[in-house]
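Chemist: Starting off with a structure, shown below.
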Amino acid sequence: MADSMNIKLKVWRQAGPKAQGRFETYTVPEANPHMSFLELLDVLNEQLIKDHKEPVEFDHDCREGICGSCGVVVDGVAHGPQRRTACCQLHMRHYKDGDTIVVEPWRAEAFPIIKDLVVDRTAFDRIIAAGGYVSINAGAAQDANSLPIPKTAADLAMDFASCIGCGACVAACPNASASLFTAAKISHLAMLPQGAPERKLRVTAMVDQMAEEGFGDCSNHAECEAVCPKGISISAIAMMRREYVKAVMS
Amino acid sequence: MAPVLDSKIPEGPLQEKWGNYKNGIKLVNPANKRKHTVLVVGTGLAGGSAASTLAELGYKVKSFCIQDSPRRAHSIAAQGGINAAKNYPNDGDTVWRLFYDTVKGGDYRSREANVHRLAEISNSIIDQCVAQGVPFAREYGGLLDNRSFGGAQVSRTFYARGQTGQQLLLGAYQSMSRQIGLGNIEMFSRQEMLDLVIVDGKARGIITRNLVTGEIERHAGDAVLLCTGGYGNVYYLSTNAKNSNVTAAWRCHKKGAAFANPCFTQIHPTCIPVSGDYQSKLTLMSESLRNDGRVWVPKKQGDTRKPKDIPEDERDYYLERRYPSFGNLVPRDVASRNAKISCDEGKGVGETKLAVFLDFAEAISRLGREAIEARYGNLFEMYERITGENPYETPMRIYPAVHYTMGGIWVDYELQSTVPGLFVLGEANFSDHGANRLGASALMQGLADGYFVIPYTLGNYLASNDLEKVSTDNESFATAETESMARIKKLLSIQGTKTVTEYHRELGRIMWDYVGMSRTAEGLQTAIKEIAALKEDFWKNVLVPGENSTFNKNLEFAGRVADFLELGELMARDALEREESCGGHFREEYQSPEGEAQRNDDLFTYVAAWAHTENGHQLVKEPLEYENVKLTTRSYK
Ligand SMILES: Cc1cc2nc3c(=O)[nH]c(=O)nc-3n(C[C@H](O)[C@H](O)[C@H](O)COP(=O)(O)OP(=O)(O)OC[C@H]3O[C@@H](n4cnc5c(N)ncnc54)[C@H](O)[C@@H]3O)c2cc1C
Ligand code: FES
């Protein structure tokens, strides 16, 4: 077996949305370089349960970087030190024996804490419900190949569409803005002819909803792009602005 | 009492059955649709597509999921693609061929009529998804690109990079979101269905637990659609997401819905192997890797040399040796079983000895590193991220893992279970894949069920039944709620010494050892005994921390593991009963002298549906009739 490591974890504990939070320090004596960061939390939780203490709550599901459930701030960085990697895919081989790791939830007014590291991200769903779709009822579609789309446009649309909705962009932004998330959907649909009829309505409705949810404005810090596990480019935000201007000017 | 199984297959020749069905059904008057409330549990491809479509038609929909957002359902993780009989490449594909390949791939244990309908609908799915803005891969001319997938000789798989499931699910989620915005769908996320409520013999509601506050809620409706996915996590380790579970389906089963072919599970040959006891799930590596990778193990047992230090003549390329014509490209079940055989012989590699090599050295020297990078770059990167090893320089280590469950709640042609008003869609039903599912066909089935089947069959049900309004004050709701609450209290009160994960892991070990890739009567009997003992111990000695009134993941999992323990037992019984080898179900007693699976069509061409009765589980058989395809033996030699 690979050499085990002794890891100290300083974890944010908060019993509920209104409770006072605090850091607690724990030690995991048998961390293994092959385990993922979430598996380290699993091991800690097994320890806590056996000691009749409450385990640390965190969101997770796919554990392969695609569902967007996981998301914590690791040593001050959303999803931790490895670029383009959701924290479920971060592995302990990037740490060494004796390291201390600080773990916190996403912090943003629009993402209230539910418990420990779990936050409420339903604001994202409401932004999509405001206009992040193409209005097409099942059964009404024409043949899939009747509208050719240049490969470059389709590929770019796919780049934007690969957003997993984890919320790291908000957590990293000094203004807690949801611009990258919102812009990724607007840009995805703006690249495609299917998105064209509703593009003006979409951009205004989504941008307004974003503000209503309490997310801040974008002031071009680009921290969001740096932490995005899918590497979504902030060029999306520029596109969203152009779309917005076009929509309100016409 | 055990139910009578009526598959309700429509009259007429195979190609006309779906059309005949649609011509004959009753329709709900448009003005009446909004008077019907439909409860849709699950927001994966099946549930998401069903909820949005029904809302578009005018029904009032209430939608439920475990995750914090409907967009995170397990369907999001599907990688490879979705099949359709478009025949855009002009390579000879037809609806018939897609139907035939799926029935044959299922090793002749599925219903012809259902599979044919699936193939007929497949093309409309692609149209629908493109119209939603799903960014499928395209060629330079701007038209859609296709790739080929296992079990087919045509290119019929549509894909969006390695994220097809994500893009299809986001399409369905966006359609749902539109209906949520319009007020036609009421969304309940972070809610777990704990029980089905039956009033006057019909499914009329569900009991859920609010996963944030612990509150138990009652929801009433005119029909319940169960779209809750597969049960692969009964093995503890699988490629399924951590929240995937059998709870909703199992509770429905206990309320009267028959469970079909529980032992039919699919084990995928190319996954990243287990690295230690802390392992929480397994990651799939696309099966396309076998196009260029060569599978081998050292000939010597317990060989600990580095792969590059093992000379050619001391390596066993066992798939190429045993299957000279298909070689590394044998179907999933055959590749998986052979990896197990090699490891059982003591030739496994890596720290745990439960892995085989998948080696690209030959392909790299033949095609150059760049060509391999272009084909598999993202997969190699993912492998390196997880294992810390560079597959360009050293062979990958792979091992089979549980991936998909073909079994599920029994449904008729209308996707209705043996409980009237309870419809089951997607991986949660048993319907279309027989004993083995072909790649890229689960996404197709989930969306077919939701976008194009259920709008018709549900309408027919609602229009044909007089459904008086039920209130959640009805006694059946109260009883179901009390039962759910009692169970939660019981789980929290035991305060034993073993954690939920420890039980789950132990169950997984039993399932994997005895109800996994290769099964024997003796092993299955052992499994039944060991699971029964484990279940008994669980209810005496489980340690669930915390309380009910807050977010408590361990409590959620405790309920799910309790259900997996019961399901595991039934899977073993079903596997014991089926004295043949077919698809993903391999019984060592039934194999040819060369070690290949031997079906027994005379005795086992049926669906094994298990009814939950007062006297325990009872097997009811639905005979399968093949009027259009001829049953043959698969051979890959
Ligand atoms: C790694 C991987 C790759 C795959 N790749 C492919 C592929 O390339 N092509 C292909 O065709 N298939 C693929 N599959 C299979 C395919 O992804 C699944 O079979 C399919 O997505 C299942 O969809 P579903 O809608 O039935 O269920 P799911 O997507 O599993 O959704 C289940 C839903 O039910 C909800 N739910 C569950 N239980 C409850 C409860 N008790 N209460 C409330 N809600 C509940 C969940 O929250 C979720 O919303 C793959 C599978 C895996 C694991
Ligand atoms: S758990 Fe799904 S992205 Fe991390």
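Lettering and numbering for the structure tokens are positional, with chains as A, B, ... in the shown order, residues counted from 1 in each chain, and ligands counted from 1 in the shown order.
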Where in range 48-112 of chain A does DSSP assign strand (DSSP E or B), given as an mmCIF file with N, CA, C and O atoms, in the first residue's frame?
Modeler:
data_model
loop_
_atom_site.group_PDB
_atom_site.id
_atom_site.type_symbol
_atom_site.label_atom_id
_atom_site.label_comp_id
_atom_site.auth_asym_id
_atom_site.auth_seq_id
_atom_site.Cartn_x
_atom_site.Cartn_y
_atom_site.Cartn_z
ATOM 1 N N VAL A 73 -14.577 25.410 -0.840
ATOM 2 C CA VAL A 73 -13.376 26.228 -0.979
ATOM 3 C C VAL A 73 -12.253 25.532 -0.206
ATOM 4 O O VAL A 73 -12.398 25.255 0.981
ATOM 5 N N VAL A 74 -11.189 25.179 -0.907
ATOM 6 C CA VAL A 74 -10.083 24.457 -0.298
ATOM 7 C C VAL A 74 -8.884 25.407 -0.223
ATOM 8 O O VAL A 74 -8.417 25.888 -1.259
ATOM 9 N N VAL A 77 -9.289 28.510 -2.262
ATOM 10 C CA VAL A 77 -9.566 28.431 -3.698
ATOM 11 C C VAL A 77 -10.783 27.531 -3.947
ATOM 12 O O VAL A 77 -10.836 26.415 -3.421
ATOM 13 N N ALA A 78 -11.728 28.034 -4.745
ATOM 14 C CA ALA A 78 -12.908 27.223 -5.047
ATOM 15 C C ALA A 78 -12.460 25.944 -5.759
ATOM 16 O O ALA A 78 -11.731 25.998 -6.757
ATOM 17 N N HIS A 91 -7.070 14.819 -6.043
ATOM 18 C CA HIS A 91 -6.552 13.648 -5.322
ATOM 19 C C HIS A 91 -5.485 14.026 -4.305
ATOM 20 O O HIS A 91 -4.803 15.032 -4.432
ATOM 21 N N THR A 100 -1.919 20.846 6.526
ATOM 22 C CA THR A 100 -3.217 21.269 7.058
ATOM 23 C C THR A 100 -4.029 21.828 5.901
ATOM 24 O O THR A 100 -3.507 22.614 5.108
ATOM 25 N N ILE A 101 -5.289 21.414 5.793
ATOM 26 C CA ILE A 101 -6.133 21.883 4.697
ATOM 27 C C ILE A 101 -7.352 22.588 5.288
ATOM 28 O O ILE A 101 -8.020 22.045 6.170
ATOM 29 N N VAL A 102 -7.639 23.785 4.783
ATOM 30 C CA VAL A 102 -8.789 24.546 5.283
ATOM 31 C C VAL A 102 -9.952 24.388 4.305
ATOM 32 O O VAL A 102 -9.799 24.604 3.106
ATOM 33 N N VAL A 103 -11.101 23.987 4.816
ATOM 34 C CA VAL A 103 -12.252 23.699 3.961
ATOM 35 C C VAL A 103 -13.456 24.553 4.371
ATOM 36 O O VAL A 103 -13.878 24.517 5.520
ATOM 37 N N GLU A 104 -13.980 25.282 3.395
ATOM 38 C CA GLU A 104 -15.116 26.170 3.669
ATOM 39 C C GLU A 104 -16.197 26.005 2.606
ATOM 40 O O GLU A 104 -15.907 25.585 1.496
#
Chemist: Taking only C-alpha atoms and all ligand atoms and a cut-off of 6 Å, can you tell me which residues surround ligand 1, written as a PDB file with C-alpha atoms, in the first residue's frame?
Modeler:
ATOM      1  CA  VAL B  41     -40.506  11.257  -9.375  1.00  0.00           C
ATOM      2  CA  GLY B  42     -37.012  11.721 -10.788  1.00  0.00           C
ATOM      3  CA  THR B  43     -35.581  14.312 -13.145  1.00  0.00           C
ATOM      4  CA  GLY B  44     -33.096  12.295 -15.181  1.00  0.00           C
ATOM      5  CA  LEU B  45     -33.617  11.829 -18.893  1.00  0.00           C
ATOM      6  CA  ALA B  46     -36.786   9.837 -18.287  1.00  0.00           C
ATOM      7  CA  GLY B  47     -38.346  12.049 -15.617  1.00  0.00           C
ATOM      8  CA  PHE B  64     -39.340  15.514  -7.394  1.00  0.00           C
ATOM      9  CA  CYS B  65     -35.635  14.816  -7.121  1.00  0.00           C
ATOM     10  CA  ILE B  66     -33.020  14.081  -4.496  1.00  0.00           C
ATOM     11  CA  GLN B  67     -30.354  16.484  -5.695  1.00  0.00           C
ATOM     12  CA  PRO B  70     -33.087  18.617 -11.406  1.00  0.00           C
ATOM     13  CA  ALA B  73     -29.631  13.582 -12.009  1.00  0.00           C
ATOM     14  CA  HIS B  74     -27.316  10.677 -12.694  1.00  0.00           C
ATOM     15  CA  SER B  75     -28.062  10.833 -16.449  1.00  0.00           C
ATOM     16  CA  ALA B  77     -22.735  11.390 -16.333  1.00  0.00           C
ATOM     17  CA  ALA B  78     -23.424   9.419 -19.514  1.00  0.00           C
ATOM     18  CA  GLN B  79     -20.512   9.804 -21.848  1.00  0.00           C
ATOM     19  CA  GLY B  80     -20.621   7.908 -25.105  1.00  0.00           C
ATOM     20  CA  GLY B  81     -23.773   8.732 -27.017  1.00  0.00           C
ATOM     21  CA  ILE B  82     -27.327   8.027 -28.060  1.00  0.00           C
ATOM     22  CA  GLN B 191     -36.978  15.579  -1.653  1.00  0.00           C
ATOM     23  CA  GLU B 192     -36.867  11.816  -1.381  1.00  0.00           C
ATOM     24  CA  MET B 193     -39.869   9.650  -2.135  1.00  0.00           C
ATOM     25  CA  LEU B 194     -40.299   7.187   0.693  1.00  0.00           C
ATOM     26  CA  CYS B 227     -38.361   7.714 -13.109  1.00  0.00           C
ATOM     27  CA  THR B 228     -35.857   7.000 -10.397  1.00  0.00           C
ATOM     28  CA  GLY B 229     -33.057   5.250 -12.288  1.00  0.00           C
ATOM     29  CA  THR B 239     -20.104   3.700 -11.916  1.00  0.00           C
ATOM     30  CA  ASN B 240     -23.433   5.117 -10.691  1.00  0.00           C
ATOM     31  CA  SER B 244     -28.535   6.449  -7.170  1.00  0.00           C
ATOM     32  CA  ASN B 245     -30.727   4.045  -5.253  1.00  0.00           C
ATOM     33  CA  THR B 247     -35.666   3.044  -2.546  1.00  0.00           C
ATOM     34  CA  ALA B 248     -38.562   4.536  -4.498  1.00  0.00           C
ATOM     35  CA  LEU B 284     -15.828   4.385 -16.302  1.00  0.00           C
ATOM     36  CA  HIS B 403     -22.607  -0.075 -14.659  1.00  0.00           C
ATOM     37  CA  GLY B 426     -36.173   4.892 -17.918  1.00  0.00           C
ATOM     38  CA  GLU B 427     -33.675   2.650 -16.178  1.00  0.00           C
ATOM     39  CA  ALA B 428     -36.149   2.050 -13.353  1.00  0.00           C
ATOM     40  CA  GLY B 439     -24.089   0.972 -25.588  1.00  0.00           C
ATOM     41  CA  ALA B 440     -25.918   4.247 -26.332  1.00  0.00           C
ATOM     42  CA  SER B 441     -29.365   2.746 -25.912  1.00  0.00           C
ATOM     43  CA  ALA B 442     -30.214   3.773 -22.339  1.00  0.00           C
ATOM     44  CA  LEU B 443     -30.298   7.456 -23.196  1.00  0.00           C
ATOM     45  CA  MET B 444     -32.488   6.609 -26.170  1.00  0.00           C
ATOM     46  CA  GLY B 446     -35.173   7.215 -21.246  1.00  0.00           C
TER      47      GLY B 446
END
Chemist: Could you work out which residues of chain A fall inside 6 Å of chain B? Count only C-alpha atoms, and format the result as JSON, numbers by chain.
Modeler: {"A": [54, 61, 62, 67, 129, 133, 134, 138, 141, 143, 144, 145, 148, 149, 150, 151, 154, 158, 194]}
Chemist: Hey, can you spit out that residue selection with N, CA, C and O atoms as a short mmCIF file (atom, residue, chain, number, x, y, z; two decimals), in the first residue's frame?
Modeler:
data_model
loop_
_atom_site.label_atom_id
_atom_site.label_comp_id
_atom_site.auth_asym_id
_atom_site.auth_seq_id
_atom_site.Cartn_x
_atom_site.Cartn_y
_atom_site.Cartn_z
N GLU A 54 -21.26 14.40 15.05
CA GLU A 54 -21.96 14.57 13.76
C GLU A 54 -20.98 14.69 12.60
O GLU A 54 -20.03 15.47 12.68
N ASP A 61 -22.26 13.79 -5.68
CA ASP A 61 -23.06 12.74 -6.32
C ASP A 61 -22.23 11.93 -7.31
O ASP A 61 -21.87 10.80 -7.04
N CYS A 62 -21.90 12.53 -8.47
CA CYS A 62 -21.23 11.73 -9.51
C CYS A 62 -19.80 11.37 -9.13
O CYS A 62 -19.29 10.34 -9.52
N CYS A 67 -21.53 16.39 -12.46
CA CYS A 67 -22.89 16.74 -12.00
C CYS A 67 -22.95 18.13 -11.38
O CYS A 67 -24.02 18.73 -11.29
N ALA A 129 -34.76 29.24 -15.43
CA ALA A 129 -36.21 29.27 -15.67
C ALA A 129 -36.67 30.61 -16.23
O ALA A 129 -37.73 30.71 -16.86
N TYR A 133 -33.57 28.68 -22.18
CA TYR A 133 -34.07 27.51 -22.92
C TYR A 133 -34.51 27.96 -24.30
O TYR A 133 -34.56 29.15 -24.62
N VAL A 134 -34.84 26.97 -25.14
CA VAL A 134 -35.48 27.24 -26.42
C VAL A 134 -36.92 26.75 -26.26
O VAL A 134 -37.15 25.64 -25.79
N ALA A 138 -42.31 19.08 -27.21
CA ALA A 138 -41.97 17.76 -27.73
C ALA A 138 -42.88 17.44 -28.91
O ALA A 138 -44.10 17.62 -28.83
N ALA A 141 -40.56 19.33 -33.51
CA ALA A 141 -39.28 19.62 -34.16
C ALA A 141 -39.22 19.17 -35.61
O ALA A 141 -39.86 18.19 -35.99
N ASP A 143 -36.71 17.93 -38.97
CA ASP A 143 -35.62 16.96 -39.05
C ASP A 143 -34.31 17.58 -38.56
O ASP A 143 -33.98 18.72 -38.88
N ALA A 144 -33.58 16.80 -37.79
CA ALA A 144 -32.38 17.31 -37.12
C ALA A 144 -31.34 17.87 -38.08
O ALA A 144 -30.56 18.74 -37.71
N ASN A 145 -31.29 17.36 -39.31
CA ASN A 145 -30.27 17.83 -40.25
C ASN A 145 -30.78 18.93 -41.17
O ASN A 145 -30.09 19.33 -42.10
N PRO A 148 -28.20 23.16 -41.13
CA PRO A 148 -26.76 22.93 -40.91
C PRO A 148 -26.19 24.00 -40.00
O PRO A 148 -26.63 25.16 -40.05
N ILE A 149 -25.26 23.63 -39.15
CA ILE A 149 -24.62 24.60 -38.25
C ILE A 149 -23.12 24.44 -38.44
O ILE A 149 -22.60 23.32 -38.30
N PRO A 150 -22.42 25.50 -38.74
CA PRO A 150 -20.97 25.37 -38.94
C PRO A 150 -20.32 24.69 -37.74
O PRO A 150 -20.69 24.98 -36.59
N LYS A 151 -19.40 23.81 -38.02
CA LYS A 151 -18.76 23.05 -36.96
C LYS A 151 -18.13 23.96 -35.90
O LYS A 151 -18.22 23.68 -34.70
N ALA A 154 -20.84 25.15 -33.62
CA ALA A 154 -21.34 24.05 -32.78
C ALA A 154 -20.32 23.74 -31.69
O ALA A 154 -20.68 23.50 -30.53
N MET A 158 -20.75 24.15 -27.67
CA MET A 158 -20.48 23.04 -26.75
C MET A 158 -19.54 23.50 -25.62
O MET A 158 -19.71 23.11 -24.47
N GLN A 194 -31.13 27.78 -33.40
CA GLN A 194 -32.33 27.44 -32.62
C GLN A 194 -32.58 28.47 -31.53
O GLN A 194 -33.71 28.67 -31.09
#
Chemist: Return the single residue from A:Asn6, A:Thr25, A:Gln209, A:Asn220 that is closest to Asp99 in chain A, with distances computed using only C-alpha atoms.
Modeler: A:Asn6
Chemist: Running DSSP on the backbone, which parts of range 80-246 of chain A land in alpha helix (DSSP H), as number ranges by chain?
Modeler: A: 122-129, 151-161, 168-172, 179-190, 199-212, 223-227, 235-246
Chemist: Please, which residues have at least one atom within 9 Å of an atom of ligand 2, using only C-alpha atoms and all ligand atoms, listed as number ranges by chain?
Modeler: A: 38, 59-71, 85-89, 164, 166, 229; B: 72, 77, 241-242
Chemist: Write out as a PyMOL selection string which residues come within 12 Å of Lys8 in chain B when counting only C-alpha atoms, dropping same-chain ones fewer than 4 positions away.
Modeler: chain B and resi 4+17-18+21+111+113-114+411-418+457+622
Chemist: Have a look at CA of Thr479 in chain B and CA of Trp410 in chain B and let me know their distance in Å, one decimal.
Modeler: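 Rounded to one decimal, the two atoms are 25.4 Å apart.
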Chemist: With only C-alpha atoms as the basis for distance, which of A:Arg241, A:Ala110, A:Arg84, A:Arg202 is at the shortest distance from Glu225 in chain A?
Modeler: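 Closest to Glu225 in chain A, using only C-alpha atoms: A:Arg84.
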Chemist: I want to know what sits within 12 Å of Ser464 in chain B, based on only C-alpha atoms, with residues of the same chain fewer than 2 positions away left out; could you give that as a ChimeraX atom specification?
Modeler: /B:24-29,420-421,457-462,466-467
Chemist: Go ahead and save the picked residues with N, CA, C and O atoms, as a tab-separated table (two decimals), in the first residue's frame.
Modeler:
chain	number	residue	atom	x	y	z
B	24	GLY	N	-56.07	3.74	-31.36
B	24	GLY	CA	-57.16	3.18	-30.55
B	24	GLY	C	-57.35	3.81	-29.18
B	24	GLY	O	-58.33	3.52	-28.50
B	25	ILE	N	-56.45	4.68	-28.76
B	25	ILE	CA	-56.53	5.15	-27.36
B	25	ILE	C	-57.55	6.26	-27.18
B	25	ILE	O	-57.93	6.95	-28.12
B	26	LYS	N	-57.92	6.43	-25.93
B	26	LYS	CA	-58.78	7.56	-25.57
B	26	LYS	C	-57.92	8.78	-25.31
B	26	LYS	O	-56.80	8.65	-24.81
B	27	LEU	N	-58.45	9.95	-25.61
B	27	LEU	CA	-57.70	11.18	-25.40
B	27	LEU	C	-58.34	12.00	-24.28
B	27	LEU	O	-59.55	11.94	-24.08
B	28	VAL	N	-57.50	12.76	-23.61
B	28	VAL	CA	-58.03	13.66	-22.58
B	28	VAL	C	-58.35	14.99	-23.26
B	28	VAL	O	-57.51	15.56	-23.96
B	29	ASN	N	-59.54	15.47	-23.05
B	29	ASN	CA	-59.96	16.75	-23.59
B	29	ASN	C	-59.00	17.85	-23.13
B	29	ASN	O	-58.66	17.93	-21.96
B	420	PRO	N	-52.21	-0.13	-10.89
B	420	PRO	CA	-52.80	0.82	-11.83
B	420	PRO	C	-52.45	2.26	-11.44
B	420	PRO	O	-52.45	2.61	-10.26
B	421	GLY	N	-52.12	3.05	-12.45
B	421	GLY	CA	-51.78	4.45	-12.18
B	421	GLY	C	-50.33	4.68	-11.81
B	421	GLY	O	-49.91	5.83	-11.67
B	457	THR	N	-49.71	7.04	-23.43
B	457	THR	CA	-50.24	5.98	-22.58
B	457	THR	C	-50.86	6.54	-21.29
B	457	THR	O	-51.86	6.02	-20.82
B	458	LEU	N	-50.27	7.62	-20.78
B	458	LEU	CA	-50.85	8.22	-19.58
B	458	LEU	C	-52.21	8.84	-19.90
B	458	LEU	O	-53.17	8.69	-19.14
B	459	GLY	N	-52.29	9.50	-21.05
B	459	GLY	CA	-53.56	10.09	-21.46
B	459	GLY	C	-54.64	9.03	-21.55
B	459	GLY	O	-55.78	9.23	-21.08
B	460	ASN	N	-54.28	7.90	-22.13
B	460	ASN	CA	-55.25	6.81	-22.25
B	460	ASN	C	-55.75	6.35	-20.88
B	460	ASN	O	-56.94	6.12	-20.68
B	461	TYR	N	-54.81	6.27	-19.93
B	461	TYR	CA	-55.20	5.86	-18.58
B	461	TYR	C	-56.13	6.88	-17.94
B	461	TYR	O	-57.18	6.54	-17.39
B	462	LEU	N	-55.74	8.15	-18.04
B	462	LEU	CA	-56.54	9.18	-17.37
B	462	LEU	C	-57.93	9.30	-18.00
B	462	LEU	O	-58.93	9.52	-17.32
B	466	ASP	N	-62.23	6.71	-14.09
B	466	ASP	CA	-62.92	7.75	-13.36
B	466	ASP	C	-62.13	8.00	-12.08
B	466	ASP	O	-62.15	7.20	-11.16
B	467	LEU	N	-61.40	9.09	-12.06
B	467	LEU	CA	-60.53	9.31	-10.91
B	467	LEU	C	-61.09	10.44	-10.04
B	467	LEU	O	-60.93	11.61	-10.35
Chemist: Give me the residues near Ser288 in chain B as a ChimeraX atom specification, where near means some atom within 10 Å (using only C-alpha atoms) and where sequence neighbours in that chain fewer than 5 positions away do not count.
Modeler: /B:80,148-150,270,293,329,375-376
Chemist: So that I can check the surroundings of Pro174 in chain A, please list as a ChimeraX atom specification every protein, DNA and RNA residue that reaches within 10 Å of it, counting only C-alpha atoms and ignoring chain neighbours fewer than 2 positions away.
Modeler: /A:108,169-172,176-177,216-219,221-224
Chemist: Leaving out range 312-320 of chain B and any residue of its chain fewer than 4 positions from it, which residues lie within 8 Å of it when counting only C-alpha atoms, given as a list in words?
Modeler: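 Here the qualifying residues turn out to be Arg294, Val295, Trp296, Val297, Pro298, Lys299, Lys300, Pro324, Ser325, Phe326, Gly327, Asn328, Val330, Ala335 and Asn338 of chain B.
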Chemist: Hey, can you check how far CA of Leu624 in chain B sits from CA of Tyr606 in chain B?
Modeler: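 Computing the Euclidean distance for CA of Leu624 in chain B and CA of Tyr606 in chain B yields 5.0 Å.
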Chemist: To one decimal place, how far is CA of Gly162 in chain B from CA of Thr394 in chain B in Å?
Modeler: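 Those two atoms sit 23.4 Å apart.
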Chemist: Here is a test: counting only C-alpha atoms, which residue of B:Gly583, B:Gly183, B:Gly559, B:Pro391 is nearest to Gly377 in chain B?
Modeler: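 The closest residue to Gly377 in chain B is B:Pro391.
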Chemist: From the set A:Phe215, A:Phe160, A:Phe58, A:Phe181, which residue has the shortest atom-to-atom contact distance to Asp116 in chain A, counting only C-alpha atoms?
Modeler: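 Looking only at the distances to Asp116 in chain A, the closest residue turns out to be A:Phe58.
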